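Asker: Sending over coords32.txt (compact mmCIF, C-alpha atoms and all ligand atoms).
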```txt
# COMPACT_ATOMS: atom_id res chain seq x y z
CA MET A 114 28.22 -17.41 7.95
CA SER A 115 30.50 -14.95 6.18
CA VAL A 116 33.18 -13.18 8.23
CA HIS A 117 32.48 -10.19 6.03
CA LEU A 118 29.19 -9.37 7.68
CA MET A 119 29.25 -6.68 10.38
CA ASN A 120 28.41 -7.96 13.82
CA THR A 121 25.09 -6.18 14.31
CA TYR A 122 22.90 -9.21 15.06
CA THR A 123 23.01 -12.31 17.23
CA ARG A 124 22.03 -14.79 14.56
CA GLN A 125 20.58 -18.21 15.25
CA PRO A 126 22.44 -21.03 13.49
CA VAL A 127 19.79 -21.73 10.88
CA THR A 128 19.36 -20.82 7.20
CA PHE A 129 15.88 -20.80 5.73
CA VAL A 130 15.52 -21.53 2.05
CA ARG A 131 11.79 -21.76 1.46
CA GLY A 132 8.44 -20.95 3.01
CA GLU A 133 4.74 -21.61 2.61
CA GLY A 134 2.03 -20.02 4.77
CA VAL A 135 3.11 -20.16 8.43
CA TRP A 136 5.84 -22.73 7.66
CA LEU A 137 9.54 -22.35 6.83
CA TRP A 138 12.08 -24.95 5.69
CA ASP A 139 15.82 -24.78 6.36
CA ASP A 140 18.67 -25.92 4.12
CA LYS A 141 18.53 -29.38 5.68
CA GLY A 142 14.88 -29.83 4.83
CA GLU A 143 13.65 -29.34 8.42
CA LYS A 144 10.24 -27.67 8.83
CA TYR A 145 9.57 -24.82 11.32
CA LEU A 146 6.41 -23.09 12.60
CA ASP A 147 6.88 -19.34 12.12
CA ALA A 148 5.28 -17.34 14.94
CA LEU A 149 7.35 -14.23 14.23
CA ALA A 150 6.71 -13.53 10.51
CA GLY A 151 9.99 -11.69 10.00
CA VAL A 152 8.98 -9.40 12.90
CA ALA A 153 5.45 -8.56 11.72
CA VAL A 154 6.45 -8.34 8.06
CA ASN A 155 5.09 -11.50 6.43
CA GLY A 156 1.44 -10.93 7.26
CA LEU A 157 0.34 -13.00 4.27
CA GLY A 158 2.59 -15.85 5.35
CA HIS A 159 5.34 -17.05 3.04
CA ALA A 160 5.02 -17.39 -0.74
CA HIS A 161 1.36 -16.34 -0.91
CA PRO A 162 0.46 -17.25 -4.52
CA LYS A 163 -1.42 -14.01 -5.26
CA LEU A 164 1.43 -11.90 -3.89
CA VAL A 165 4.06 -13.88 -5.78
CA LYS A 166 2.06 -13.37 -8.98
CA ALA A 167 1.66 -9.61 -8.44
CA ILE A 168 5.37 -9.13 -7.68
CA SER A 169 6.53 -11.34 -10.57
CA GLU A 170 4.28 -9.59 -13.06
CA GLN A 171 5.41 -6.17 -11.87
CA ALA A 172 9.10 -7.17 -11.95
CA ALA A 173 8.69 -8.37 -15.52
CA LYS A 174 7.11 -5.03 -16.52
CA LEU A 175 8.96 -2.34 -14.55
CA ILE A 176 10.86 -2.43 -11.24
CA HIS A 177 11.98 1.14 -10.81
CA VAL A 178 11.66 4.60 -12.26
CA SER A 179 12.52 7.87 -10.56
CA ASN A 180 10.00 9.92 -8.64
CA ILE A 181 10.53 12.66 -11.20
CA TYR A 182 7.98 10.68 -13.27
CA GLN A 183 4.42 9.61 -12.52
CA ILE A 184 4.14 6.13 -11.03
CA ALA A 185 0.71 4.55 -11.46
CA GLU A 186 1.19 1.84 -8.78
CA GLN A 187 2.32 4.49 -6.27
CA SER A 188 -0.79 6.59 -6.93
CA ALA A 189 -3.02 3.55 -6.58
CA LEU A 190 -1.45 2.56 -3.25
CA ALA A 191 -1.72 6.14 -1.92
CA ASP A 192 -5.42 6.18 -2.86
CA LYS A 193 -5.99 2.82 -1.18
CA LEU A 194 -4.15 3.81 2.03
CA CYS A 195 -6.19 7.02 2.26
CA GLU A 196 -9.43 5.13 1.58
CA ILE A 197 -8.84 2.64 4.40
CA SER A 198 -7.42 5.17 6.89
CA GLY A 199 -9.65 8.17 6.18
CA MET A 200 -6.48 10.23 5.82
CA ASP A 201 -5.39 12.53 2.99
CA LYS A 202 -1.84 12.25 1.67
CA VAL A 203 1.08 9.82 1.60
CA PHE A 204 4.86 10.07 1.28
CA PHE A 205 6.57 6.77 0.41
CA CYS A 206 9.97 5.65 1.71
CA ASN A 207 11.60 2.27 2.35
CA SER A 208 11.44 1.38 6.04
CA GLY A 209 9.95 2.13 9.43
CA CYS A 210 12.68 4.45 10.62
CA GLU A 211 12.43 6.43 7.40
CA ALA A 212 8.68 6.74 7.81
CA ASN A 213 9.30 8.13 11.31
CA GLU A 214 12.04 10.41 10.01
CA ALA A 215 9.46 11.84 7.62
CA SER A 216 6.99 12.31 10.50
CA ILE A 217 9.64 14.05 12.61
CA LYS A 218 10.69 16.35 9.76
CA LEU A 219 7.04 17.09 9.02
CA ALA A 220 6.39 18.02 12.67
CA ARG A 221 9.41 20.32 12.81
CA LEU A 222 8.41 22.05 9.57
CA TYR A 223 4.87 22.41 10.90
CA GLY A 224 6.36 24.12 13.96
CA HIS A 225 8.61 26.43 11.95
CA ASN A 226 5.65 27.40 9.78
CA LYS A 227 3.90 28.48 13.01
CA GLY A 228 6.93 30.56 14.03
CA ILE A 229 8.33 28.09 16.57
CA GLU A 230 12.10 28.10 16.07
CA ASN A 231 12.96 25.17 18.36
CA PRO A 232 10.09 22.74 17.91
CA GLU A 233 9.91 19.82 20.36
CA ILE A 234 8.16 16.48 20.08
CA ILE A 235 6.80 14.49 23.04
CA VAL A 236 7.90 10.83 22.95
CA MET A 237 7.41 7.88 25.31
CA ASP A 238 9.43 5.70 27.65
CA LYS A 239 9.98 2.17 26.28
CA SER A 240 9.12 3.30 22.76
CA PHE A 241 10.91 2.12 19.64
CA HIS A 242 11.02 4.22 16.50
CA GLY A 243 14.10 2.99 14.62
CA ARG A 244 17.88 3.19 14.33
CA THR A 245 18.61 6.37 12.39
CA MET A 246 19.93 9.30 14.42
CA ALA A 247 16.59 11.09 14.83
CA THR A 248 14.59 7.93 15.43
CA LEU A 249 17.04 6.42 17.92
CA SER A 250 16.96 9.75 19.74
CA ALA A 251 13.15 9.50 19.85
CA THR A 252 13.35 5.89 21.04
CA GLY A 253 12.83 5.30 24.78
CA ASN A 254 15.55 2.71 25.26
CA ARG A 255 19.05 3.71 26.39
CA LYS A 256 20.56 0.57 24.84
CA VAL A 257 19.56 1.78 21.39
CA GLN A 258 21.15 5.20 22.02
CA ALA A 259 24.33 4.36 23.93
CA GLY A 260 27.48 5.18 22.00
CA PHE A 261 25.77 7.40 19.46
CA GLU A 262 25.75 10.65 21.40
CA PRO A 263 25.33 13.50 20.69
CA LEU A 264 21.67 12.59 20.20
CA VAL A 265 19.31 14.64 18.08
CA SER A 266 17.67 17.20 20.34
CA GLY A 267 14.06 18.30 20.42
CA PHE A 268 12.45 15.29 22.11
CA ILE A 269 10.74 15.36 25.51
CA ARG A 270 10.17 11.99 27.13
CA VAL A 271 7.20 11.01 29.30
CA PRO A 272 5.95 7.66 30.65
CA TYR A 273 3.73 5.65 28.27
CA ASP A 274 0.03 5.54 29.11
CA ASP A 275 0.31 8.61 31.37
CA ILE A 276 -1.88 11.51 30.28
CA GLU A 277 -1.11 13.64 33.32
CA SER A 278 2.56 14.11 32.42
CA VAL A 279 1.59 15.20 28.89
CA ARG A 280 -0.81 17.73 30.39
CA GLN A 281 1.93 19.07 32.66
CA ILE A 282 4.20 19.66 29.66
CA ALA A 283 1.36 21.30 27.77
CA ALA A 284 0.91 23.74 30.63
CA ARG A 285 4.50 24.96 30.65
CA ASN A 286 6.10 24.35 27.24
CA ALA A 287 5.17 26.47 24.24
CA ASN A 288 7.66 24.78 21.91
CA VAL A 289 5.86 21.44 21.65
CA VAL A 290 4.52 20.74 18.16
CA ALA A 291 3.63 17.05 18.24
CA VAL A 292 3.24 13.80 20.17
CA LEU A 293 4.77 10.63 18.69
CA VAL A 294 3.38 7.39 20.14
CA GLU A 295 2.76 3.72 19.31
CA PRO A 296 -0.89 2.61 19.82
CA VAL A 297 0.60 -0.60 21.29
CA GLN A 298 4.31 -0.71 22.11
CA GLY A 299 5.88 -3.61 20.24
CA GLU A 300 9.61 -3.75 21.02
CA GLY A 301 8.80 -2.31 24.48
CA GLY A 302 7.02 -5.57 25.41
CA ILE A 303 3.51 -5.56 23.84
CA ASN A 304 2.42 -2.75 26.15
CA ILE A 305 -1.26 -1.94 25.72
CA PRO A 306 -2.61 1.24 27.35
CA LYS A 307 -4.86 0.40 30.31
CA HIS A 308 -7.84 2.14 28.75
CA ALA A 309 -6.71 1.56 25.21
CA SER A 310 -9.11 3.90 23.48
CA GLY A 311 -9.13 6.39 26.36
CA TYR A 312 -5.38 7.02 26.09
CA LEU A 313 -5.32 7.88 22.39
CA GLU A 314 -8.52 9.87 22.74
CA ALA A 315 -7.07 11.91 25.59
CA LEU A 316 -3.89 12.54 23.58
CA ARG A 317 -6.07 13.61 20.62
CA GLN A 318 -7.89 16.04 22.90
CA ILE A 319 -4.67 17.63 24.19
CA CYS A 320 -3.28 17.89 20.65
CA ASN A 321 -6.48 19.63 19.53
CA GLU A 322 -6.31 22.09 22.42
CA HIS A 323 -2.71 23.08 21.64
CA ASP A 324 -2.56 22.68 17.85
CA TRP A 325 -0.09 19.83 18.18
CA LEU A 326 0.08 17.00 15.68
CA LEU A 327 -0.88 13.55 16.95
CA MET A 328 1.61 11.24 15.22
CA LEU A 329 1.12 7.49 15.52
CA ASP A 330 3.95 5.06 14.87
CA GLU A 331 1.93 2.22 13.34
CA VAL A 332 4.96 0.50 11.84
CA GLN A 333 4.21 -2.66 13.87
CA THR A 334 0.50 -2.19 14.72
CA GLY A 335 -0.57 -1.30 11.16
CA ILE A 336 -1.73 -3.37 8.18
CA GLY A 337 -4.20 -5.63 9.94
CA ARG A 338 -1.94 -6.81 12.76
CA THR A 339 -4.27 -5.79 15.63
CA GLY A 340 -7.48 -6.84 13.88
CA THR A 341 -8.18 -3.51 12.19
CA TRP A 342 -6.24 -1.91 9.34
CA PHE A 343 -4.56 0.42 11.84
CA GLY A 344 -4.29 0.41 15.62
CA PHE A 345 -6.10 3.75 15.94
CA GLN A 346 -9.22 2.21 14.37
CA HIS A 347 -10.05 0.59 17.72
CA THR A 348 -10.86 4.15 18.83
CA ASN A 349 -12.96 7.04 17.52
CA ILE A 350 -9.99 9.28 16.79
CA LYS A 351 -7.85 9.88 13.74
CA PRO A 352 -4.18 10.88 13.87
CA ASP A 353 -2.67 13.79 11.95
CA VAL A 354 0.30 11.68 10.92
CA MET A 355 0.87 7.92 10.84
CA SER A 356 3.99 5.96 9.93
CA LEU A 357 3.79 2.53 8.30
CA ALA A 358 6.26 -0.09 7.11
CA LYS A 359 6.75 -3.73 8.25
CA GLY A 360 3.62 -5.51 6.98
CA LEU A 361 2.91 -3.06 4.16
CA GLY A 362 5.01 -4.72 1.44
CA SER A 363 4.97 -8.31 2.77
CA GLY A 364 8.78 -8.27 2.67
CA VAL A 365 9.43 -5.96 -0.26
CA PRO A 366 10.93 -2.93 1.54
CA ILE A 367 8.45 -0.05 1.77
CA GLY A 368 7.50 2.58 4.32
CA ALA A 369 4.92 5.34 4.31
CA CYS A 370 4.21 8.55 6.15
CA VAL A 371 0.46 9.21 5.93
CA ALA A 372 -0.97 12.60 6.89
CA SER A 373 -4.38 14.21 7.21
CA GLY A 374 -5.89 17.68 7.56
CA VAL A 375 -3.42 20.45 8.38
CA ALA A 376 -0.53 17.96 8.30
CA ALA A 377 -1.25 16.79 4.74
CA ASP A 378 0.17 19.86 3.00
CA VAL A 379 3.13 20.66 5.27
CA PHE A 380 5.67 19.07 2.92
CA THR A 381 5.99 21.13 -0.22
CA TYR A 382 8.28 20.90 -3.23
CA GLY A 383 11.89 20.07 -2.30
CA LYS A 384 11.28 19.47 1.42
CA HIS A 385 11.69 15.69 1.38
CA GLY A 386 12.48 12.89 -1.02
CA SER A 387 13.72 9.34 -1.58
CA THR A 388 15.33 7.59 -4.55
CA PHE A 389 13.63 4.23 -4.10
CA GLY A 390 10.59 5.40 -2.12
CA GLY A 391 7.34 4.26 -3.71
CA ASN A 392 8.88 2.59 -6.73
CA PRO A 393 6.66 0.42 -8.98
CA LEU A 394 7.77 -2.91 -7.47
CA ALA A 395 7.38 -1.89 -3.83
CA THR A 396 4.04 -0.18 -4.33
CA ALA A 397 2.69 -3.09 -6.41
CA ALA A 398 3.62 -5.35 -3.47
CA GLY A 399 1.86 -2.94 -1.08
CA LEU A 400 -1.26 -2.80 -3.18
CA ALA A 401 -1.40 -6.59 -3.55
CA THR A 402 -0.89 -6.97 0.22
CA LEU A 403 -3.83 -4.70 1.07
CA ASN A 404 -6.09 -6.33 -1.51
CA ILE A 405 -5.30 -9.83 -0.28
CA ILE A 406 -5.87 -8.85 3.37
CA GLU A 407 -9.26 -7.51 2.32
CA GLU A 408 -10.27 -10.42 0.05
CA GLU A 409 -9.27 -13.08 2.55
CA GLY A 410 -10.70 -11.43 5.66
CA LEU A 411 -7.30 -11.39 7.37
CA ARG A 412 -8.11 -8.53 9.77
CA GLU A 413 -11.02 -10.53 11.13
CA ASN A 414 -8.77 -13.59 11.26
CA ALA A 415 -6.08 -11.68 13.18
CA GLU A 416 -8.62 -10.68 15.80
CA LYS A 417 -10.16 -14.15 16.06
CA ILE A 418 -6.92 -16.15 16.14
CA GLY A 419 -5.17 -13.57 18.37
CA ASN A 420 -7.91 -13.84 20.98
CA TYR A 421 -7.99 -17.61 20.62
CA ILE A 422 -4.24 -17.78 21.29
CA ARG A 423 -4.47 -15.49 24.32
CA GLU A 424 -7.39 -17.44 25.80
CA SER A 425 -5.60 -20.74 25.20
CA PHE A 426 -2.48 -19.48 26.98
CA GLU A 427 -4.62 -18.15 29.84
CA ALA A 428 -6.08 -21.63 30.25
CA GLU A 429 -2.63 -23.28 30.03
CA PHE A 430 -1.07 -20.90 32.57
CA LYS A 431 -4.05 -20.62 34.94
CA ASP A 432 -2.13 -21.69 38.04
CA GLN A 433 1.33 -21.20 36.64
CA LYS A 434 3.74 -19.28 38.86
CA GLY A 435 6.14 -17.13 36.89
CA VAL A 436 3.71 -15.97 34.21
CA VAL A 437 3.07 -12.34 35.08
CA ALA A 438 0.68 -11.36 32.28
CA ILE A 439 -0.66 -12.43 28.90
CA ARG A 440 -1.54 -9.58 26.55
CA ASN A 441 -2.74 -9.33 22.98
CA ALA A 442 -3.99 -6.86 20.42
CA GLY A 443 -5.00 -9.14 17.58
CA LEU A 444 -1.90 -11.04 16.53
CA MET A 445 0.50 -8.95 18.62
CA ILE A 446 0.85 -11.28 21.57
CA GLY A 447 3.02 -10.94 24.67
CA ILE A 448 3.59 -13.39 27.52
CA GLU A 449 5.41 -11.64 30.33
CA LEU A 450 7.45 -13.85 32.67
CA ASN A 451 8.91 -12.99 36.06
CA LYS A 452 12.49 -13.36 34.84
CA PRO A 453 14.65 -12.73 31.76
CA CYS A 454 13.83 -15.38 29.17
CA GLY A 455 15.98 -14.69 26.09
CA GLU A 456 17.08 -18.34 26.26
CA LEU A 457 13.61 -19.40 25.15
CA VAL A 458 14.37 -18.30 21.58
CA LYS A 459 17.05 -20.99 21.27
CA LEU A 460 15.03 -23.62 23.11
CA ALA A 461 12.06 -22.99 20.80
CA LEU A 462 14.26 -23.08 17.70
CA ALA A 463 15.56 -26.49 18.76
CA GLN A 464 11.91 -27.59 18.71
CA LYS A 465 11.38 -26.03 15.25
CA LEU A 466 9.38 -23.08 16.54
CA LEU A 467 10.22 -19.43 15.77
CA ILE A 468 9.44 -16.91 18.51
CA ASN A 469 10.95 -13.69 19.85
CA VAL A 470 11.74 -12.28 23.28
CA THR A 471 11.66 -8.52 23.85
CA ALA A 472 12.03 -6.22 26.87
CA GLU A 473 14.07 -9.08 28.43
CA SER A 474 11.18 -10.99 29.93
CA VAL A 475 8.36 -10.85 27.37
CA VAL A 476 7.83 -13.67 24.88
CA ARG A 477 6.57 -11.89 21.77
CA LEU A 478 4.55 -13.61 19.07
CA LEU A 479 3.73 -11.93 15.76
CA PRO A 480 2.42 -14.80 13.62
CA PRO A 481 1.37 -14.36 9.98
CA LEU A 482 -2.19 -13.02 9.72
CA VAL A 483 -3.10 -16.17 7.76
CA MET A 484 -2.56 -18.50 10.74
CA ASN A 485 -5.52 -20.87 11.21
CA GLU A 486 -6.90 -22.39 14.40
CA ALA A 487 -5.13 -25.76 14.01
CA GLU A 488 -1.78 -23.99 13.57
CA ALA A 489 -2.54 -21.73 16.53
CA GLN A 490 -3.28 -24.82 18.63
CA LEU A 491 0.09 -26.31 17.71
CA LEU A 492 1.81 -23.06 18.64
CA VAL A 493 0.10 -22.86 22.04
CA LYS A 494 0.74 -26.51 22.85
CA GLN A 495 4.42 -26.41 21.97
CA LEU A 496 5.19 -23.03 23.51
CA SER A 497 3.31 -23.55 26.77
CA ALA A 498 5.17 -26.82 27.38
CA LEU A 499 8.44 -24.99 26.73
CA ILE A 500 7.61 -22.12 29.07
CA LYS A 501 6.45 -24.49 31.83
CA THR A 502 9.73 -26.39 31.65
CA PHE A 503 11.69 -23.14 31.55
CA LEU A 504 9.93 -21.85 34.68
CA LYS A 505 10.52 -25.08 36.66
C1 LIG B 1 10.31 -2.00 13.55
C2 LIG B 1 9.83 -0.69 14.01
C3 LIG B 1 10.42 0.51 13.56
C4 LIG B 1 11.65 0.53 12.68
O1 LIG B 1 11.41 -0.02 11.43
P1 LIG B 1 12.66 -0.32 10.45
O2 LIG B 1 12.00 -0.76 9.18
O3 LIG B 1 13.47 -1.40 11.09
O4 LIG B 1 13.43 0.94 10.30
C5 LIG B 1 9.87 1.70 13.98
N1 LIG B 1 8.80 1.73 14.80
C6 LIG B 1 8.21 0.62 15.25
C7 LIG B 1 7.01 0.72 16.13
C8 LIG B 1 8.70 -0.63 14.87
O5 LIG B 1 8.13 -1.74 15.35
```
Would you put the structure from the file into structure tokens?

Answerer:
Amino acid sequence: MSVHLMNTYTRQPVTFVRGEGVWLWDDKGEKYLDALAGVAVNGLGHAHPKLVKAISEQAAKLIHVSNIYQIAEQSALADKLCEISGMDKVFFCNSGCEANEASIKLARLYGHNKGIENPEIIVMDKSFHGRTMATLSATGNRKVQAGFEPLVSGFIRVPYDDIESVRQIAARNANVVAVLVEPVQGEGGINIPKHASGYLEALRQICNEHDWLLMLDEVQTGIGRTGTWFGFQHTNIKPDVMSLAKGLGSGVPIGACVASGVAADVFTYGKHGSTFGGNPLATAAGLATLNIIEEEGLRENAEKIGNYIRESFEAEFKDQKGVVAIRNAGLMIGIELNKPCGELVKLALAQKLLINVTAESVVRLLPPLVMNEAEAQLLVKQLSALIKTFLK
């Protein structure tokens, strides 16, 4: 590896050169089962023929023009995102943190428009929203913030899945303009609210009562990952603002801030922008991704295979000491152990299996949405043997 790369990642000693579906090959020709999908990015698996075709054709026609011109692919993707979300307007950017930056700016502007000079946003413990200054300040993980003080102000932190503390803030703080929350916390350890729909619905209720914006960070939960297009679609509510990225472009960088109702027209001319955001290549990739998910029934598959994997692990670990919990929302899967288990990443890699560990003791799986039952079986068999040995 080059000495000219900054030291921001612990990198495993492997170089992938090719992929197909849930499989990757390294530069020595070894084959790996990918249960991470580039951290929830490669929902279609690797080298999906229809995606490759759409991207190649677009690249041959037009990769980039400025947002000072009309971009047909961008309009088409905005229409599609609004059709499947029931929301109204989209701003395109290039990543998850940028999508959240847009949400945060939108919420502050919404506050200023109401005459609130120091708008504040409620955020959650154990949340993750990105690595830019505003989004790391919103993130509920000291490790992400340490060394970057002074943090951006204007965030109030409460425990996740705790409606009472949000109510308490509502009762005494007139500066709050929005709540920013993940429907399921990804980096935080696949944390699913106890009454999944009840939590978001209660937040929606409080936001309605106080004219706050309900802003969902769906960067990880969106684009079919949990079995529906978006995490909120497991409930009856709709957010005012939603941020997307990861799975949206299948690896071509793209992010989106989607807004509805009063939030849809907060940004006006000159209030926000991006050079690359929504360019023809990225939005063609986004459009192809959504169409393929629809055509191939990948949301249904994510739900079916996700539940199959959870149930299989439950059976494997029935009397296993050391396994604290097994959780899933579609193909967001977490296996919580009773001790730190970062080592498992290396042990799995040695067995040609790609997994992730987050929140120190949670094995996190985010397989491609195209994973079939036979591949899921392989994953469960290999990983449960590994975890059993690790816990011995
Ligand atoms: C990954 C992630 C982000 C940050 O996305 P980047 O593209 O890395 O900036 C933000 N929020 C959530 C929930 C994420 O999972």

Asker: Lys465 (chain A): which residues within 7 Å, counting all atoms listed in the file, same-chain residues fewer than 6 positions away excluded, as a PyMOL selection string?

Answerer: chain A and resi 144-146

Asker: How about saving the chosen residues, C-alpha atoms kept, as a PDB file, in the frame of the given file?

Answerer:
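out_5.pdb, written as the output of this step:
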```pdb
ATOM      1  CA  LYS A 144      10.240 -27.670   8.830  1.00  0.00           C
ATOM      2  CA  TYR A 145       9.570 -24.820  11.320  1.00  0.00           C
ATOM      3  CA  LEU A 146       6.410 -23.090  12.600  1.00  0.00           C
TER       4      LEU A 146
END
```

Asker: Using all atoms listed in the file, find each protein or nucleic acid residue lying at most 10 Å from ligand LIG 1 (chain B); present the set as a PyMOL selection string.

Answerer: chain A and resi 152-154+207-214+240-245+248-249+252+294-301+329-335+356-360+366-368

Asker: Would you please work out which residue, of A:Cys454, A:Val165, A:Met484, A:Met246, is nearest to Thr402 (chain A) when using only C-alpha atoms?

Answerer: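 Using only C-alpha atoms, Thr402 (chain A) sits closest to A:Val165.
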
Asker: With the cut-off set at 7 Å and counting all atoms listed in the file, tabulate each residue of region 295-403 of chain A with an atom at most that distance from an atom of region 426-445 of chain A, showing the nearest atom pair and its distance in Å to one decimal, ordered by chain and increasing number, as JSON lines.

Answerer:
```
{"residue": "A:Ile303", "atom": "CA", "partner": "A:Met445", "partner_atom": "CA", "distance": 6.9}
{"residue": "A:Arg338", "atom": "CA", "partner": "A:Leu444", "partner_atom": "CA", "distance": 5.7}
{"residue": "A:Thr339", "atom": "CA", "partner": "A:Gly443", "partner_atom": "CA", "distance": 3.9}
{"residue": "A:Gly340", "atom": "CA", "partner": "A:Gly443", "partner_atom": "CA", "distance": 5.0}
```

Asker: Determine the axis-aligned bounding box of all atoms of region 146-149 of chain A present in the file, pad each side by 4 Å, and express its centre and edge lengths in Å to one decimal place as lines of an AutoDock Vina configuration file.

Answerer:
```
center_x = 6.3
center_y = -18.7
center_z = 13.5
size_x = 10.1
size_y = 16.9
size_z = 10.8
```

Asker: Given the choices A:Ala401, A:Cys370, A:Leu149, A:Val289, which gets closest to Gly386 (chain A) if the distance is worked out from all atoms listed in the file?

Answerer: A:Cys370

Asker: Using only C-alpha atoms, which protein or nucleic acid residues come within 8 Å of Arg270 (chain A)? Drop anything in the same chain fewer than 2 positions from it, and give the result as a ChimeraX atom specification.

Answerer: /A:235-238,253,268,272

Asker: What is the distance between CA of Ile448 (chain A) and CA of Ala415 (chain A), in Å to one decimal?

Answerer: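 CA of Ile448 (chain A) sits 17.4 Å away from CA of Ala415 (chain A).
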
Asker: Which is closer to Leu316 (chain A) than all the others in A:Gly447, A:Gly344, A:Val354, A:Asp274, using only C-alpha atoms?

Answerer: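 When distances to Leu316 (chain A) are compared using only C-alpha atoms, the smallest one comes from A:Asp274.
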
Asker: How many Å lie between CA of Tyr223 (chain A) and CA of Leu327 (chain A), rounded to one decimal?

Answerer: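 About the pair CA of Tyr223 (chain A) and CA of Leu327 (chain A): they are 12.2 Å apart.
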
Asker: CA of Ser266 (chain A) to CA of Asn288 (chain A): how many Å, to one decimal?

Answerer: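 One can read the CA of Ser266 (chain A) to CA of Asn288 (chain A) distance as 12.7 Å.
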
Asker: Which is closer to Gln125 (chain A) than all the others in A:Ala315, A:Ala220, A:Cys320, A:Ile468, using only C-alpha atoms?

Answerer: A:Ile468

Asker: Neighbours of Val475 (chain A) within 7 Å (only C-alpha atoms; same-chain residues fewer than 3 positions away dropped), as a short mmCIF file (atom, residue, chain, number, x, y, z; two decimals) with C-alpha atoms, in the coordinates of the input?

Answerer:
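That gives us around.cif:
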```
data_model
loop_
_atom_site.label_atom_id
_atom_site.label_comp_id
_atom_site.auth_asym_id
_atom_site.auth_seq_id
_atom_site.Cartn_x
_atom_site.Cartn_y
_atom_site.Cartn_z
CA GLY A 302 7.02 -5.57 25.41
CA GLY A 447 3.02 -10.94 24.67
CA ILE A 448 3.59 -13.39 27.52
CA GLU A 449 5.41 -11.64 30.33
CA LEU A 450 7.45 -13.85 32.67
CA VAL A 470 11.74 -12.28 23.28
CA THR A 471 11.66 -8.52 23.85
CA ALA A 472 12.03 -6.22 26.87
#
```

Asker: Would you please work out which residue, of A:Gln490, A:Thr388, A:Asn469, A:Thr381, is nearest to Glu424 (chain A) when using all atoms listed in the file?

Answerer: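 When distances to Glu424 (chain A) are compared using all atoms listed in the file, the smallest one comes from A:Gln490.
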
Asker: Considering only C-alpha atoms, state which residue in the set A:Val257, A:Ala487, A:Val203, A:Ile217 is at the smallest distance from Gln187 (chain A).

Answerer: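 Counting only C-alpha atoms, the residue closest to Gln187 (chain A) is A:Val203.
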
Asker: Show which residues sit within 12 Å of Lys384 (chain A), as a PDB file with C-alpha atoms, in the frame of the given file. Count all atoms listed in the file, and ignore same-chain residues fewer than 4 positions away.

Answerer:
```pdb
ATOM      1  CA  PHE A 204       4.860  10.070   1.280  1.00  0.00           C
ATOM      2  CA  ALA A 215       9.460  11.840   7.620  1.00  0.00           C
ATOM      3  CA  LYS A 218      10.690  16.350   9.760  1.00  0.00           C
ATOM      4  CA  LEU A 219       7.040  17.090   9.020  1.00  0.00           C
ATOM      5  CA  ARG A 221       9.410  20.320  12.810  1.00  0.00           C
ATOM      6  CA  LEU A 222       8.410  22.050   9.570  1.00  0.00           C
ATOM      7  CA  TYR A 223       4.870  22.410  10.900  1.00  0.00           C
ATOM      8  CA  ASP A 378       0.170  19.860   3.000  1.00  0.00           C
ATOM      9  CA  VAL A 379       3.130  20.660   5.270  1.00  0.00           C
ATOM     10  CA  PHE A 380       5.670  19.070   2.920  1.00  0.00           C
TER      11      PHE A 380
END
```

Asker: Identify the residues within 8 Å of coordinate (3.7, -20.5, 9.8) (same frame as the file), considering all atoms listed in the file, and give the answer as a PyMOL selection string.

Answerer: chain A and resi 133-137+145-148+150+158-159+480-481+484+488

Asker: Would you list the residues near (7.3, 8.9, -6.9), meaning any protein, DNA or RNA residue with an atom at most 8 Å from that point in file coordinates, counting all atoms listed in the file, as a list of chain:residue names?

Answerer: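 Those residues, ordered by chain and then number, are A:Ser179, A:Asn180, A:Ile181, A:Tyr182, A:Gln183, A:Ile184, A:Gln187, A:Phe205, A:Gly390, A:Gly391, A:Asn392.
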